[in-house]
Amino acid sequence: MWEQLPALAGVAVGAIGSYVATSLTERSRWRRARAERWDQKRLDTYASYANSLKHQINIAQRIGAARGFQHAVDPLDPEQGLVQLSEAEARRAAEWETVLLVGDAETIAAARKWHEAVWNVELYARGLREDPAGWERAVGQMSRARDDFYALARRDLGIAGPPPPSGNWPRVWQQQDEPN
């Protein structure tokens with residue numbers, strides 16, 4: 001009987017080792033799957049929030065164009081546009097709640113800064129401000145805030161490399177740009 005003890009000990013050690021290895025592998029697999037689910041949820045949330053804010057921006061800029069502010073969009077009658085702007089703001093606010101739930105602190109702060117910059121543009125669209133230079137500053141601030149949001153969202157999602165460079169809209173068309 002004592003001769004079989006080393007064999008039994010070997011079987012016990014092998015079983016325990018197998019159990020520990022399997023447990024660690026399963027735990028690692030579960031963590032990886034959970035991280036992938038949350039990464040996908042954050043991606044969907046950030047994209048949905050950005051799209052709702054971009055829709056709101058488009059409406060505000062179109063109203064601004066109708067009010068005479070420079071922008072490369074089709075003008076939208078302010079009376080009709082303000083209704084759409086309110087609906088777009090309600091959609092953005094609903095999307096915002098999900099950003100608050102799944103976003104990291106820095107990305108949430110950047111998202112907040114972006115929608116606050118959009119509100120500044122909306123002041124012009126709503127006719128509460130009328131300074132064309134202020135409009136240009138507000139549009140530029142909004143664009144920079146968007147770029148900051150995308151950079152931080154990409155970092156939170158683990159996307160390597162910098163985001164693509166920001167465009168320069170609206171481009172001021174000058175006579176030198178026109179063909180002779």
# chains A, B, ... in the order shown; residues from 1 in each chain; ligands from 1

call {"tool": "residues_around", "arguments": {"residues": "stretch 49-65 of chain A", "least_positions_apart": "6", "cutoff": "7 Å", "atoms": "only C-alpha atoms", "output": "MDAnalysis selection string"}}
result
chainID A and resid 71 73:78 81 85 88:89 91:92 95:96 118 121:122 124:125

call {"tool": "write_last_selection", "arguments": {"atoms": "N, CA and C atoms", "output": "CSV table (one decimal), in the first residue's frame"}}
result
chain,number,residue,atom,x,y,z
A,71,HIS,N,-21.8,79.4,-43.5
A,71,HIS,CA,-21.6,78.0,-43.3
A,71,HIS,C,-22.0,77.3,-44.6
A,73,VAL,N,-23.9,74.9,-45.6
A,73,VAL,CA,-25.1,74.0,-45.5
A,73,VAL,C,-26.2,74.7,-46.1
A,74,ASP,N,-27.3,74.0,-46.4
A,74,ASP,CA,-28.5,74.6,-47.0
A,74,ASP,C,-29.2,75.2,-45.8
A,75,PRO,N,-29.7,76.5,-46.0
A,75,PRO,CA,-30.4,77.2,-45.0
A,75,PRO,C,-31.7,76.5,-44.6
A,76,LEU,N,-32.1,76.6,-43.4
A,76,LEU,CA,-33.4,76.0,-42.9
A,76,LEU,C,-34.1,77.1,-42.2
A,77,ASP,N,-35.4,77.3,-42.6
A,77,ASP,CA,-36.2,78.3,-42.0
A,77,ASP,C,-36.2,78.2,-40.5
A,78,PRO,N,-35.9,79.3,-39.8
A,78,PRO,CA,-35.8,79.2,-38.3
A,78,PRO,C,-37.0,78.7,-37.6
A,81,GLY,N,-37.0,75.0,-38.3
A,81,GLY,CA,-35.8,74.5,-37.7
A,81,GLY,C,-35.8,74.4,-36.2
A,85,LEU,N,-34.7,71.4,-33.9
A,85,LEU,CA,-33.6,71.5,-33.0
A,85,LEU,C,-34.0,71.0,-31.6
A,88,ALA,N,-34.1,67.3,-31.7
A,88,ALA,CA,-32.7,66.7,-31.7
A,88,ALA,C,-32.0,66.8,-30.4
A,89,GLU,N,-32.3,67.9,-29.7
A,89,GLU,CA,-31.8,68.1,-28.3
A,89,GLU,C,-32.3,67.1,-27.4
A,91,ARG,N,-33.3,64.0,-28.2
A,91,ARG,CA,-32.6,62.8,-28.5
A,91,ARG,C,-31.2,62.7,-28.0
A,92,ARG,N,-30.5,63.9,-28.1
A,92,ARG,CA,-29.1,64.0,-27.6
A,92,ARG,C,-29.1,63.7,-26.0
A,95,GLU,N,-29.5,60.1,-25.2
A,95,GLU,CA,-28.2,59.4,-25.5
A,95,GLU,C,-27.2,59.7,-24.5
A,96,TRP,N,-27.2,60.9,-23.9
A,96,TRP,CA,-26.3,61.4,-22.9
A,96,TRP,C,-26.3,60.5,-21.7
A,118,VAL,N,-21.9,73.0,-28.6
A,118,VAL,CA,-23.0,73.0,-29.5
A,118,VAL,C,-24.1,74.0,-29.0
A,121,VAL,N,-23.4,77.4,-30.2
A,121,VAL,CA,-23.8,77.6,-31.6
A,121,VAL,C,-25.3,77.8,-31.7
A,122,GLU,N,-26.0,77.0,-30.9
A,122,GLU,CA,-27.5,77.1,-30.9
A,122,GLU,C,-28.0,78.5,-30.4
A,124,TYR,N,-26.9,81.2,-31.4
A,124,TYR,CA,-26.9,82.0,-32.7
A,124,TYR,C,-28.1,81.5,-33.5
A,125,ALA,N,-28.3,80.2,-33.6
A,125,ALA,CA,-29.4,79.6,-34.4
A,125,ALA,C,-30.7,80.1,-33.8

call {"tool": "select_by_dssp", "arguments": {"residues": "chain A", "states": "helix (DSSP H, G or I)", "output": "tab-separated table (two decimals) with C-alpha atoms, in the first residue's frame"}}
result
chain	number	residue	atom	x	y	z
A	2	TRP	CA	2.78	2.44	0.88
A	3	GLU	CA	4.30	1.78	-2.53
A	4	GLN	CA	1.20	3.20	-4.19
A	5	LEU	CA	1.25	6.44	-2.21
A	6	PRO	CA	3.61	8.29	-4.59
A	7	ALA	CA	1.38	7.34	-7.52
A	8	LEU	CA	-1.75	8.52	-5.69
A	9	ALA	CA	0.00	11.75	-4.73
A	10	GLY	CA	0.98	12.25	-8.38
A	11	VAL	CA	-2.62	11.74	-9.50
A	12	ALA	CA	-3.87	14.18	-6.84
A	13	VAL	CA	-1.29	16.83	-7.78
A	14	GLY	CA	-2.15	16.36	-11.47
A	15	ALA	CA	-5.88	16.70	-10.78
A	16	ILE	CA	-5.39	19.83	-8.68
A	17	GLY	CA	-3.07	21.32	-11.30
A	18	SER	CA	-5.55	20.54	-14.06
A	19	TYR	CA	-8.39	22.10	-12.04
A	20	VAL	CA	-6.35	25.27	-11.31
A	21	ALA	CA	-5.26	25.62	-14.95
A	22	THR	CA	-8.80	25.13	-16.23
A	23	SER	CA	-10.20	27.59	-13.68
A	24	LEU	CA	-7.64	30.24	-14.59
A	25	THR	CA	-8.26	29.72	-18.31
A	26	GLU	CA	-12.04	29.98	-17.89
A	27	ARG	CA	-11.73	33.05	-15.68
A	28	SER	CA	-9.45	34.70	-18.25
A	29	ARG	CA	-11.85	33.80	-21.08
A	30	TRP	CA	-14.79	35.20	-19.12
A	31	ARG	CA	-12.95	38.47	-18.40
A	32	ARG	CA	-11.94	38.81	-22.04
A	33	ALA	CA	-15.52	38.20	-23.23
A	34	ARG	CA	-16.86	40.71	-20.69
A	35	ALA	CA	-14.31	43.32	-21.78
A	36	GLU	CA	-15.26	42.76	-25.44
A	37	ARG	CA	-18.96	43.20	-24.62
A	38	TRP	CA	-18.30	46.45	-22.78
A	39	ASP	CA	-15.96	47.70	-25.51
A	40	GLN	CA	-18.71	47.08	-28.05
A	41	LYS	CA	-21.28	48.79	-25.81
A	42	ARG	CA	-19.01	51.81	-25.36
A	43	LEU	CA	-18.35	51.97	-29.11
A	44	ASP	CA	-22.09	51.82	-29.86
A	45	THR	CA	-22.81	54.42	-27.16
A	46	TYR	CA	-20.12	56.85	-28.28
A	47	ALA	CA	-21.10	56.50	-31.94
A	48	SER	CA	-24.80	56.93	-31.22
A	49	TYR	CA	-24.13	59.98	-29.03
A	50	ALA	CA	-21.86	61.53	-31.65
A	51	ASN	CA	-24.42	60.93	-34.39
A	52	SER	CA	-27.22	62.49	-32.35
A	53	LEU	CA	-25.03	65.51	-31.60
A	54	LYS	CA	-23.98	65.80	-35.25
A	55	HIS	CA	-27.68	65.84	-36.22
A	56	GLN	CA	-28.28	68.63	-33.72
A	57	ILE	CA	-25.26	70.52	-35.08
A	58	ASN	CA	-26.50	70.18	-38.65
A	59	ILE	CA	-29.88	71.67	-37.77
A	60	ALA	CA	-28.30	74.52	-35.79
A	61	GLN	CA	-25.90	75.34	-38.62
A	62	ARG	CA	-28.68	75.26	-41.19
A	63	ILE	CA	-30.74	77.67	-39.08
A	64	GLY	CA	-27.62	79.80	-38.65
A	65	ALA	CA	-27.16	79.85	-42.43
A	66	ALA	CA	-30.75	81.10	-42.79
A	78	PRO	CA	-35.78	79.19	-38.32
A	79	GLU	CA	-39.43	78.62	-37.43
A	80	GLN	CA	-39.37	75.10	-38.85
A	81	GLY	CA	-35.80	74.45	-37.72
A	82	LEU	CA	-36.32	75.36	-34.07
A	83	VAL	CA	-38.87	72.58	-33.72
A	84	GLN	CA	-36.39	70.11	-35.23
A	85	LEU	CA	-33.63	71.50	-33.01
A	86	SER	CA	-35.71	70.87	-29.89
A	87	GLU	CA	-36.39	67.29	-31.00
A	88	ALA	CA	-32.70	66.74	-31.74
A	89	GLU	CA	-31.76	68.11	-28.30
A	90	ALA	CA	-34.20	65.70	-26.66
A	91	ARG	CA	-32.62	62.78	-28.53
A	92	ARG	CA	-29.12	63.95	-27.55
A	93	ALA	CA	-30.15	64.22	-23.91
A	94	ALA	CA	-31.45	60.64	-23.95
A	95	GLU	CA	-28.21	59.39	-25.53
A	96	TRP	CA	-26.25	61.35	-22.93
A	97	GLU	CA	-27.58	59.18	-20.13
A	98	THR	CA	-26.01	56.09	-21.71
A	99	VAL	CA	-22.68	57.92	-22.12
A	100	LEU	CA	-22.80	58.67	-18.40
A	101	LEU	CA	-23.36	54.98	-17.64
A	102	VAL	CA	-20.63	53.41	-19.77
A	105	ALA	CA	-14.54	60.08	-16.76
A	106	GLU	CA	-12.33	61.85	-19.29
A	107	THR	CA	-14.49	60.89	-22.27
A	108	ILE	CA	-17.63	62.01	-20.40
A	109	ALA	CA	-15.97	65.37	-19.67
A	110	ALA	CA	-15.06	65.75	-23.35
A	111	ALA	CA	-18.60	64.83	-24.42
A	112	ARG	CA	-19.97	67.43	-22.02
A	113	LYS	CA	-17.60	70.06	-23.38
A	114	TRP	CA	-18.70	69.18	-26.92
A	115	HIS	CA	-22.43	69.50	-26.22
A	116	GLU	CA	-21.85	72.75	-24.32
A	117	ALA	CA	-20.03	74.08	-27.40
A	118	VAL	CA	-23.01	73.04	-29.50
A	119	TRP	CA	-25.30	74.98	-27.16
A	120	ASN	CA	-23.20	78.08	-27.87
A	121	VAL	CA	-23.80	77.61	-31.60
A	122	GLU	CA	-27.49	77.12	-30.86
A	123	LEU	CA	-27.63	80.55	-29.22
A	124	TYR	CA	-26.94	81.98	-32.67
A	125	ALA	CA	-29.38	79.62	-34.36
A	132	PRO	CA	-20.77	86.91	-37.05
A	133	ALA	CA	-17.26	86.78	-35.50
A	134	GLY	CA	-18.73	85.13	-32.41
A	135	TRP	CA	-20.46	82.58	-34.67
A	136	GLU	CA	-17.12	81.70	-36.25
A	137	ARG	CA	-15.48	81.33	-32.82
A	138	ALA	CA	-18.36	79.18	-31.57
A	139	VAL	CA	-18.18	76.91	-34.64
A	140	GLY	CA	-14.41	76.59	-34.23
A	141	GLN	CA	-14.74	75.81	-30.53
A	142	MET	CA	-17.38	73.20	-31.33
A	143	SER	CA	-15.09	71.56	-33.89
A	144	ARG	CA	-12.17	71.42	-31.44
A	145	ALA	CA	-14.43	69.96	-28.75
A	146	ARG	CA	-15.58	67.28	-31.20
A	147	ASP	CA	-11.97	66.40	-32.00
A	148	ASP	CA	-11.16	66.14	-28.28
A	149	PHE	CA	-14.16	63.84	-27.73
A	150	TYR	CA	-13.13	61.54	-30.57
A	151	ALA	CA	-9.52	61.39	-29.36
A	152	LEU	CA	-10.58	60.41	-25.84
A	153	ALA	CA	-13.25	57.98	-27.03
A	154	ARG	CA	-10.68	56.27	-29.25
A	155	ARG	CA	-8.28	56.04	-26.33
A	156	ASP	CA	-10.99	54.59	-24.08
A	157	LEU	CA	-11.77	51.99	-26.74
A	175	GLN	CA	-12.20	84.97	-55.80
A	176	GLN	CA	-8.72	83.48	-56.22
A	177	ASP	CA	-10.26	80.01	-55.80

call {"tool": "closest_residue", "arguments": {"among": "A:Pro164, A:Gly103, A:Ile159, A:Gly68", "to": "A:Gly127", "atoms": "only C-alpha atoms"}}
result
A:Gly68
